[in-house]
Amino acid sequence: MHALHDTWVMAKRSLRHTIRSMDTIITVAATPIAMMLLFVYVFGGSFGSAFEAGTVKYIDFIVPGIVAMTVVSGIAYAALRLNIDLQKGIINRFKTMPVAPSSILGGHAVSSVLSNLFSVLLVILVAFIAGFRPHAGVEEWFLFGGLLTLFTLAMTWMAIMFGMLAKTAEGAGSFSYLVLLLIFISSAFTPTEGMNPVVRVFAEHQPMTPIVETMRSLLTNGSAGDSMWLAIFWCTALLIFSYVFALKVYKKRTV
Amino acid sequence: MEKQSTAITVSKLQKSYKKVTVLRDVSFSVQKGTIFALLGSNGAGKTTIINILTTLLNADSGTAMVHSFNVESQPEKVRNHISLTGQFAAVDDVLTARENLVLIGELRHASDPARTAEALLKQFDLTDAADRRTLTFSGGMSRRLDIAMSLIGSPSIIFFDEPTTGLDPQSRNSMWETIKSLAKSGTTVFLTTQYLEEADQLADKIAILHQGKIAVEGTADELKKLLPRGQVELRFYTKKQLDTAATLLKDYELAQTNETLSLIVTTGDGVAQLTRLLAQLEAANIEIAEFAQKVPTLDDVFLKIINENEETK
């Protein structure tokens, strides 16, 4: 109870930070939206024609990847904010108060998840305007929301872990570029069949592929598909690892 | 009075960072309701001691007790009793002054955080700036808010790490007043400082940290007795004058340097003694080339202590 109350108090603080820099939410949503429009209207002519022949429209194919991109660029701010906190005296004030250690990091996590989900909502709205037409029922949307939240939570704790480890605020956010690269080397924007054989093996066995494919399957096929459990496994494993490791570093790191 | 009268007890504390030993063997105790000043130069390990006492850092060996709780094995208990005002103001600069106070109030589980905040804003003269983001605050205002945040939950011990470093004289004076009034109301104050004057103004007891140990501990008056008494440095034109003067003043404690033709005379505190000394030289027709009065500094205390340590070895 105590820890929950403290986490909520810290989350309110972190949400104020986010709301007072509304531009960060817009920036987080703007890049993926621009990418999406670029893919659909610029590359779409040659890229998309292969798709139009099949059953899936290109925009329907890429929206899950764009959503994952949005989350990954958004969590960089959680790492950044946490790192700024660490560089300032305020974290030492919190640490010398009777506050549950998990709630200081947890506050950042809650606000990061909420603000990222908001960014994703913006992206999906623009996608609708650009012609995105999902075939998901209530149950699928519910599952999609659940997986998205779990993915965001896992990514956020990973960001917190990197934020704890980074020496500078600039370094704190830079890991997200690596994760963005993982999204590009997955089936997010193009099916793995066309890839170089070595890259293809990597693409089919890294976490982003089952996560993006499950999201796509839920939205376009109206079913979860066969990679759902693998996606849930990856997210949960990343979440647990990052959470435990971040707390460990947090307890060790002083000043 | 002896019963339960110590607020902090530190014994045989040791701490090293990688290869650098910061604390060799630190022991001291602080009485409840008093102001204790830990005096030392930059890098002496003052902040390390504060970090250990406020549960931010574990010592390599030795024990530190806050009230009857061990800082290493019962940090949660210790945190209920303390508050830290660090070297740099620990305020959230995105939030307003009021939001900062409410935040700490909620984390301390105050019964009415909003009312507590309102009262503190008034007490620290921040009512007009209450709803401004603290990013726009001056150094003095941030400091005041910082202390106000430290007072929430009425901790019985407050730690101040170099509270006046970087403050203008006016803010420094009001900081001193705040610390004095805290002690008057029964709060134990532990502060670190580089300034002898600050320790002298505030502290009931002063400990000097030097080379990882408490070199000396006592009240301000006790420490002042350790200071080198008043000294004057006299310089002459010729070696002959220097030798004559040295013979003439042989009753004083002297330090003669032939190369610079100077003589350091320990005169004691009195002006009368200084006048007598000059009169003696005048009567003997010895012309003084230069005259300088040496004001004792913290360095002199250190040097004196180091010399004494070596003599006793």
# chains A, B, ... in the order shown; residues from 1 in each chain; ligands from 1
>>> residues_around(residues="segment 179-187 of chain B", least_positions_apart="2", cutoff="8 Å", atoms="only C-alpha atoms", output="list in words")
Lys32, Gly33, Thr34, Ile35, Pro155, Ser156, Ile157, Ile158, Met175, Trp176, Glu177, Val189 and Leu202 of chain B
>>> write_last_selection(atoms="C-alpha atoms", output="compact mmCIF listing (two decimals), in the first residue's frame")
# COMPACT_ATOMS: atom_id res chain seq x y z
CA LYS B 32 20.61 15.85 20.81
CA GLY B 33 19.42 19.37 20.11
CA THR B 34 22.89 20.76 19.43
CA ILE B 35 24.63 22.10 16.34
CA PRO B 155 12.71 15.38 11.28
CA SER B 156 14.65 15.34 14.53
CA ILE B 157 18.03 15.56 12.79
CA ILE B 158 18.77 17.79 9.81
CA MET B 175 20.70 30.77 6.55
CA TRP B 176 22.60 31.11 9.82
CA GLU B 177 19.49 32.49 11.54
CA VAL B 189 21.79 20.04 13.29
CA LEU B 202 26.87 28.37 14.75
>>> closest_atom_pairs(of="chain A", to="chain B", cutoff="6 Å", atoms="only C-alpha atoms", output="Markdown table")
| residue | atom | partner | partner_atom | distance |
| --- | --- | --- | --- | --- |
| A:Gly89 | CA | B:Ala90 | CA | 4.5 |
| A:Ile90 | CA | B:Ala90 | CA | 4.3 |
| A:Thr96 | CA | B:Arg79 | CA | 5.6 |
| A:Met97 | CA | B:Arg79 | CA | 5.1 |
| A:Pro98 | CA | B:Arg79 | CA | 5.2 |
>>> select_by_dssp(residues="segment 61-218 of chain B", states="strand (DSSP E)", output="VMD selection string")
chain B and resid 61 to 66 69 to 70 82 to 85 157 to 161 188 to 193 205 to 210 213 to 218
>>> closest_residue(among="A:Ala68, A:Met10, A:Leu147, A:Ala79", to="Val110 of chain A", atoms="only C-alpha atoms")
A:Met10
>>> residues_around(residues="segment 187-197 of chain A", least_positions_apart="4", cutoff="10 Å", atoms="only C-alpha atoms", output="PDB file with N, CA and C atoms, in the first residue's frame")
ATOM      1  N   MET A  36       5.465   7.118 -41.553  1.00  0.00           N
ATOM      2  CA  MET A  36       4.317   6.383 -42.088  1.00  0.00           C
ATOM      3  C   MET A  36       3.850   7.012 -43.409  1.00  0.00           C
ATOM      4  N   PHE A  39       6.332   6.321 -46.160  1.00  0.00           N
ATOM      5  CA  PHE A  39       6.228   4.956 -46.674  1.00  0.00           C
ATOM      6  C   PHE A  39       5.018   4.818 -47.595  1.00  0.00           C
ATOM      7  N   PHE A  47       6.966   0.236 -53.491  1.00  0.00           N
ATOM      8  CA  PHE A  47       6.937  -0.677 -52.350  1.00  0.00           C
ATOM      9  C   PHE A  47       5.597  -1.386 -52.242  1.00  0.00           C
ATOM     10  N   GLY A  48       4.577  -0.513 -52.304  1.00  0.00           N
ATOM     11  CA  GLY A  48       3.236  -0.976 -51.974  1.00  0.00           C
ATOM     12  C   GLY A  48       2.579  -1.822 -53.056  1.00  0.00           C
ATOM     13  N   PHE A  51       2.110  -5.266 -52.483  1.00  0.00           N
ATOM     14  CA  PHE A  51       1.112  -5.581 -51.462  1.00  0.00           C
ATOM     15  C   PHE A  51      -0.310  -5.500 -51.991  1.00  0.00           C
ATOM     16  N   TYR A  58      -0.747  -1.762 -47.955  1.00  0.00           N
ATOM     17  CA  TYR A  58       0.555  -1.486 -47.359  1.00  0.00           C
ATOM     18  C   TYR A  58       0.431  -0.726 -46.035  1.00  0.00           C
ATOM     19  N   ILE A  59      -0.480   0.239 -45.964  1.00  0.00           N
ATOM     20  CA  ILE A  59      -0.597   0.986 -44.709  1.00  0.00           C
ATOM     21  C   ILE A  59      -1.038   0.079 -43.567  1.00  0.00           C
ATOM     22  N   PHE A  61      -0.274  -2.933 -43.316  1.00  0.00           N
ATOM     23  CA  PHE A  61       0.884  -3.762 -42.993  1.00  0.00           C
ATOM     24  C   PHE A  61       1.848  -3.036 -42.057  1.00  0.00           C
ATOM     25  N   ILE A  62       2.075  -1.734 -42.307  1.00  0.00           N
ATOM     26  CA  ILE A  62       3.135  -1.051 -41.550  1.00  0.00           C
ATOM     27  C   ILE A  62       2.696  -0.397 -40.249  1.00  0.00           C
ATOM     28  N   VAL A  63       1.372  -0.210 -40.033  1.00  0.00           N
ATOM     29  CA  VAL A  63       0.946   0.495 -38.808  1.00  0.00           C
ATOM     30  C   VAL A  63       1.502  -0.135 -37.522  1.00  0.00           C
ATOM     31  N   PRO A  64       1.493  -1.466 -37.369  1.00  0.00           N
ATOM     32  CA  PRO A  64       2.060  -2.028 -36.129  1.00  0.00           C
ATOM     33  C   PRO A  64       3.538  -1.659 -35.938  1.00  0.00           C
ATOM     34  N   GLY A  65       4.311  -1.669 -37.043  1.00  0.00           N
ATOM     35  CA  GLY A  65       5.723  -1.278 -36.952  1.00  0.00           C
ATOM     36  C   GLY A  65       5.875   0.175 -36.561  1.00  0.00           C
ATOM     37  N   ILE A  66       4.995   1.022 -37.134  1.00  0.00           N
ATOM     38  CA  ILE A  66       5.014   2.447 -36.806  1.00  0.00           C
ATOM     39  C   ILE A  66       4.679   2.646 -35.326  1.00  0.00           C
ATOM     40  N   VAL A  67       3.709   1.866 -34.820  1.00  0.00           N
ATOM     41  CA  VAL A  67       3.335   1.944 -33.405  1.00  0.00           C
ATOM     42  C   VAL A  67       4.532   1.565 -32.530  1.00  0.00           C
ATOM     43  N   ALA A  68       5.237   0.481 -32.904  1.00  0.00           N
ATOM     44  CA  ALA A  68       6.405   0.066 -32.126  1.00  0.00           C
ATOM     45  C   ALA A  68       7.480   1.150 -32.147  1.00  0.00           C
ATOM     46  N   MET A  69       7.646   1.779 -33.307  1.00  0.00           N
ATOM     47  CA  MET A  69       8.605   2.872 -33.440  1.00  0.00           C
ATOM     48  C   MET A  69       8.273   4.028 -32.506  1.00  0.00           C
ATOM     49  N   LEU A 182      16.516  -2.471 -34.539  1.00  0.00           N
ATOM     50  CA  LEU A 182      15.906  -3.802 -34.437  1.00  0.00           C
ATOM     51  C   LEU A 182      14.553  -3.836 -35.136  1.00  0.00           C
ATOM     52  N   ILE A 183      13.798  -2.743 -35.020  1.00  0.00           N
ATOM     53  CA  ILE A 183      12.482  -2.703 -35.662  1.00  0.00           C
ATOM     54  C   ILE A 183      12.638  -2.751 -37.181  1.00  0.00           C
ATOM     55  N   VAL A 201      17.557 -14.796 -40.955  1.00  0.00           N
ATOM     56  CA  VAL A 201      17.608 -15.648 -39.755  1.00  0.00           C
ATOM     57  C   VAL A 201      17.550 -14.777 -38.514  1.00  0.00           C
ATOM     58  N   PHE A 202      18.357 -13.691 -38.532  1.00  0.00           N
ATOM     59  CA  PHE A 202      18.343 -12.778 -37.380  1.00  0.00           C
ATOM     60  C   PHE A 202      16.963 -12.156 -37.210  1.00  0.00           C
ATOM     61  N   ALA A 203      16.412 -11.650 -38.312  1.00  0.00           N
ATOM     62  CA  ALA A 203      15.124 -10.954 -38.254  1.00  0.00           C
ATOM     63  C   ALA A 203      14.016 -11.855 -37.705  1.00  0.00           C
ATOM     64  N   GLU A 204      14.067 -13.130 -38.065  1.00  0.00           N
ATOM     65  CA  GLU A 204      12.980 -14.026 -37.641  1.00  0.00           C
ATOM     66  C   GLU A 204      13.115 -14.490 -36.201  1.00  0.00           C
ATOM     67  N   MET A 208      11.476  -8.250 -31.859  1.00  0.00           N
ATOM     68  CA  MET A 208      10.558  -7.309 -32.502  1.00  0.00           C
ATOM     69  C   MET A 208       9.627  -8.004 -33.511  1.00  0.00           C
ATOM     70  N   THR A 209      10.132  -9.034 -34.173  1.00  0.00           N
ATOM     71  CA  THR A 209       9.309  -9.699 -35.192  1.00  0.00           C
ATOM     72  C   THR A 209       8.016 -10.309 -34.613  1.00  0.00           C
ATOM     73  N   PRO A 210       8.104 -11.193 -33.577  1.00  0.00           N
ATOM     74  CA  PRO A 210       6.826 -11.715 -33.054  1.00  0.00           C
ATOM     75  C   PRO A 210       5.935 -10.635 -32.457  1.00  0.00           C
ATOM     76  N   ILE A 211       6.528  -9.608 -31.863  1.00  0.00           N
ATOM     77  CA  ILE A 211       5.723  -8.547 -31.246  1.00  0.00           C
ATOM     78  C   ILE A 211       4.947  -7.794 -32.334  1.00  0.00           C
ATOM     79  N   VAL A 212       5.657  -7.369 -33.371  1.00  0.00           N
ATOM     80  CA  VAL A 212       5.007  -6.615 -34.445  1.00  0.00           C
ATOM     81  C   VAL A 212       3.998  -7.505 -35.185  1.00  0.00           C
ATOM     82  N   GLU A 213       4.379  -8.768 -35.408  1.00  0.00           N
ATOM     83  CA  GLU A 213       3.477  -9.656 -36.159  1.00  0.00           C
ATOM     84  C   GLU A 213       2.191  -9.954 -35.401  1.00  0.00           C
ATOM     85  N   ARG A 216       0.005  -6.954 -35.741  1.00  0.00           N
ATOM     86  CA  ARG A 216      -0.544  -6.877 -37.094  1.00  0.00           C
ATOM     87  C   ARG A 216      -1.673  -7.896 -37.271  1.00  0.00           C
TER      88      ARG A 216
END
>>> residues_around(residues="Phe291 of chain B", least_positions_apart="6", cutoff="12 Å", atoms="only C-alpha atoms", output="PDB file with N, CA and C atoms, in the first residue's frame")
ATOM      1  N   GLN B 231      50.779  36.857  15.429  1.00  0.00           N
ATOM      2  CA  GLN B 231      52.167  36.893  14.975  1.00  0.00           C
ATOM      3  C   GLN B 231      52.394  38.115  14.111  1.00  0.00           C
ATOM      4  N   VAL B 232      53.616  38.695  14.196  1.00  0.00           N
ATOM      5  CA  VAL B 232      53.982  39.742  13.241  1.00  0.00           C
ATOM      6  C   VAL B 232      55.247  39.319  12.525  1.00  0.00           C
ATOM      7  N   GLU B 233      55.329  39.704  11.278  1.00  0.00           N
ATOM      8  CA  GLU B 233      56.536  39.430  10.521  1.00  0.00           C
ATOM      9  C   GLU B 233      57.274  40.743  10.295  1.00  0.00           C
ATOM     10  N   LEU B 234      58.538  40.785  10.701  1.00  0.00           N
ATOM     11  CA  LEU B 234      59.347  41.994  10.549  1.00  0.00           C
ATOM     12  C   LEU B 234      60.456  41.720   9.547  1.00  0.00           C
ATOM     13  N   ARG B 235      60.701  42.698   8.664  1.00  0.00           N
ATOM     14  CA  ARG B 235      61.835  42.530   7.738  1.00  0.00           C
ATOM     15  C   ARG B 235      62.791  43.697   7.899  1.00  0.00           C
ATOM     16  N   PHE B 236      64.056  43.377   7.769  1.00  0.00           N
ATOM     17  CA  PHE B 236      65.081  44.393   8.001  1.00  0.00           C
ATOM     18  C   PHE B 236      65.910  44.604   6.751  1.00  0.00           C
ATOM     19  N   SER B 262      64.066  38.186   7.532  1.00  0.00           N
ATOM     20  CA  SER B 262      62.799  38.384   8.240  1.00  0.00           C
ATOM     21  C   SER B 262      62.769  37.632   9.560  1.00  0.00           C
ATOM     22  N   LEU B 263      61.943  38.146  10.404  1.00  0.00           N
ATOM     23  CA  LEU B 263      61.810  37.609  11.746  1.00  0.00           C
ATOM     24  C   LEU B 263      60.323  37.516  12.067  1.00  0.00           C
ATOM     25  N   ILE B 264      59.848  36.283  12.390  1.00  0.00           N
ATOM     26  CA  ILE B 264      58.447  36.153  12.770  1.00  0.00           C
ATOM     27  C   ILE B 264      58.376  36.092  14.291  1.00  0.00           C
ATOM     28  N   VAL B 265      57.648  37.040  14.861  1.00  0.00           N
ATOM     29  CA  VAL B 265      57.579  37.162  16.319  1.00  0.00           C
ATOM     30  C   VAL B 265      56.175  36.810  16.779  1.00  0.00           C
ATOM     31  N   LEU B 274      52.243  44.429  21.325  1.00  0.00           N
ATOM     32  CA  LEU B 274      52.744  44.788  20.003  1.00  0.00           C
ATOM     33  C   LEU B 274      53.411  46.165  20.059  1.00  0.00           C
ATOM     34  N   LEU B 278      57.426  47.186  19.306  1.00  0.00           N
ATOM     35  CA  LEU B 278      57.878  48.189  18.345  1.00  0.00           C
ATOM     36  C   LEU B 278      58.723  49.266  19.031  1.00  0.00           C
TER      37      LEU B 278
END
>>> residues_around(residues="Met228 of chain A", least_positions_apart="4", cutoff="7 Å", atoms="only C-alpha atoms", output="number ranges by chain")
A: 210, 214, 224, 232
>>> residues_around(residues="Ser5 of chain B", least_positions_apart="2", cutoff="12 Å", atoms="only C-alpha atoms", output="PyMOL selection string")
chain B and resi 1-3+7-9+29-34+66-68+186+188
>>> write_last_selection(atoms="C-alpha atoms", output="PDB file, in the first residue's frame")
ATOM      1  CA  MET B   1      20.389  14.191  31.106  1.00  0.00           C
ATOM      2  CA  GLU B   2      22.853  11.467  30.102  1.00  0.00           C
ATOM      3  CA  LYS B   3      20.023   9.123  29.250  1.00  0.00           C
ATOM      4  CA  ALA B   7      21.606  11.793  18.403  1.00  0.00           C
ATOM      5  CA  ILE B   8      24.499  10.492  16.291  1.00  0.00           C
ATOM      6  CA  THR B   9      27.287   8.121  17.242  1.00  0.00           C
ATOM      7  CA  SER B  29      29.228  11.805  18.662  1.00  0.00           C
ATOM      8  CA  VAL B  30      26.597  14.499  18.452  1.00  0.00           C
ATOM      9  CA  GLN B  31      24.338  15.437  21.370  1.00  0.00           C
ATOM     10  CA  LYS B  32      20.610  15.851  20.810  1.00  0.00           C
ATOM     11  CA  GLY B  33      19.424  19.370  20.110  1.00  0.00           C
ATOM     12  CA  THR B  34      22.886  20.764  19.432  1.00  0.00           C
ATOM     13  CA  VAL B  66      21.363   7.619  14.255  1.00  0.00           C
ATOM     14  CA  HIS B  67      19.356   7.598  17.463  1.00  0.00           C
ATOM     15  CA  SER B  68      19.443   3.909  18.262  1.00  0.00           C
ATOM     16  CA  GLY B 186      15.155  21.166  19.654  1.00  0.00           C
ATOM     17  CA  THR B 188      19.753  18.389  16.039  1.00  0.00           C
TER      18      THR B 188
END
>>> residues_around(residues="segment 99-107 of chain A", least_positions_apart="2", cutoff="9 Å", atoms="only C-alpha atoms", output="MDAnalysis selection string")
(chainID A and resid 2:15 82 91 94:97 109:112 157 160 246:247 250:251) or (chainID B and resid 76 79 107:108)
>>> atom_distance(atom1="atom CA of Ala130 of chain A", atom2="atom CA of Ile33 of chain A")
10.1 Å
>>> atom_distance(atom1="atom CA of Thr152 of chain A", atom2="atom CA of Asn116 of chain A")
7.4 Å
>>> select_by_dssp(residues="segment 22-269 of chain B", states="helix (DSSP H, G or I)", output="count of residues only")
92
>>> atom_distance(atom1="atom CA of Ser16 of chain B", atom2="atom CA of Ala59 of chain B")
8.3 Å
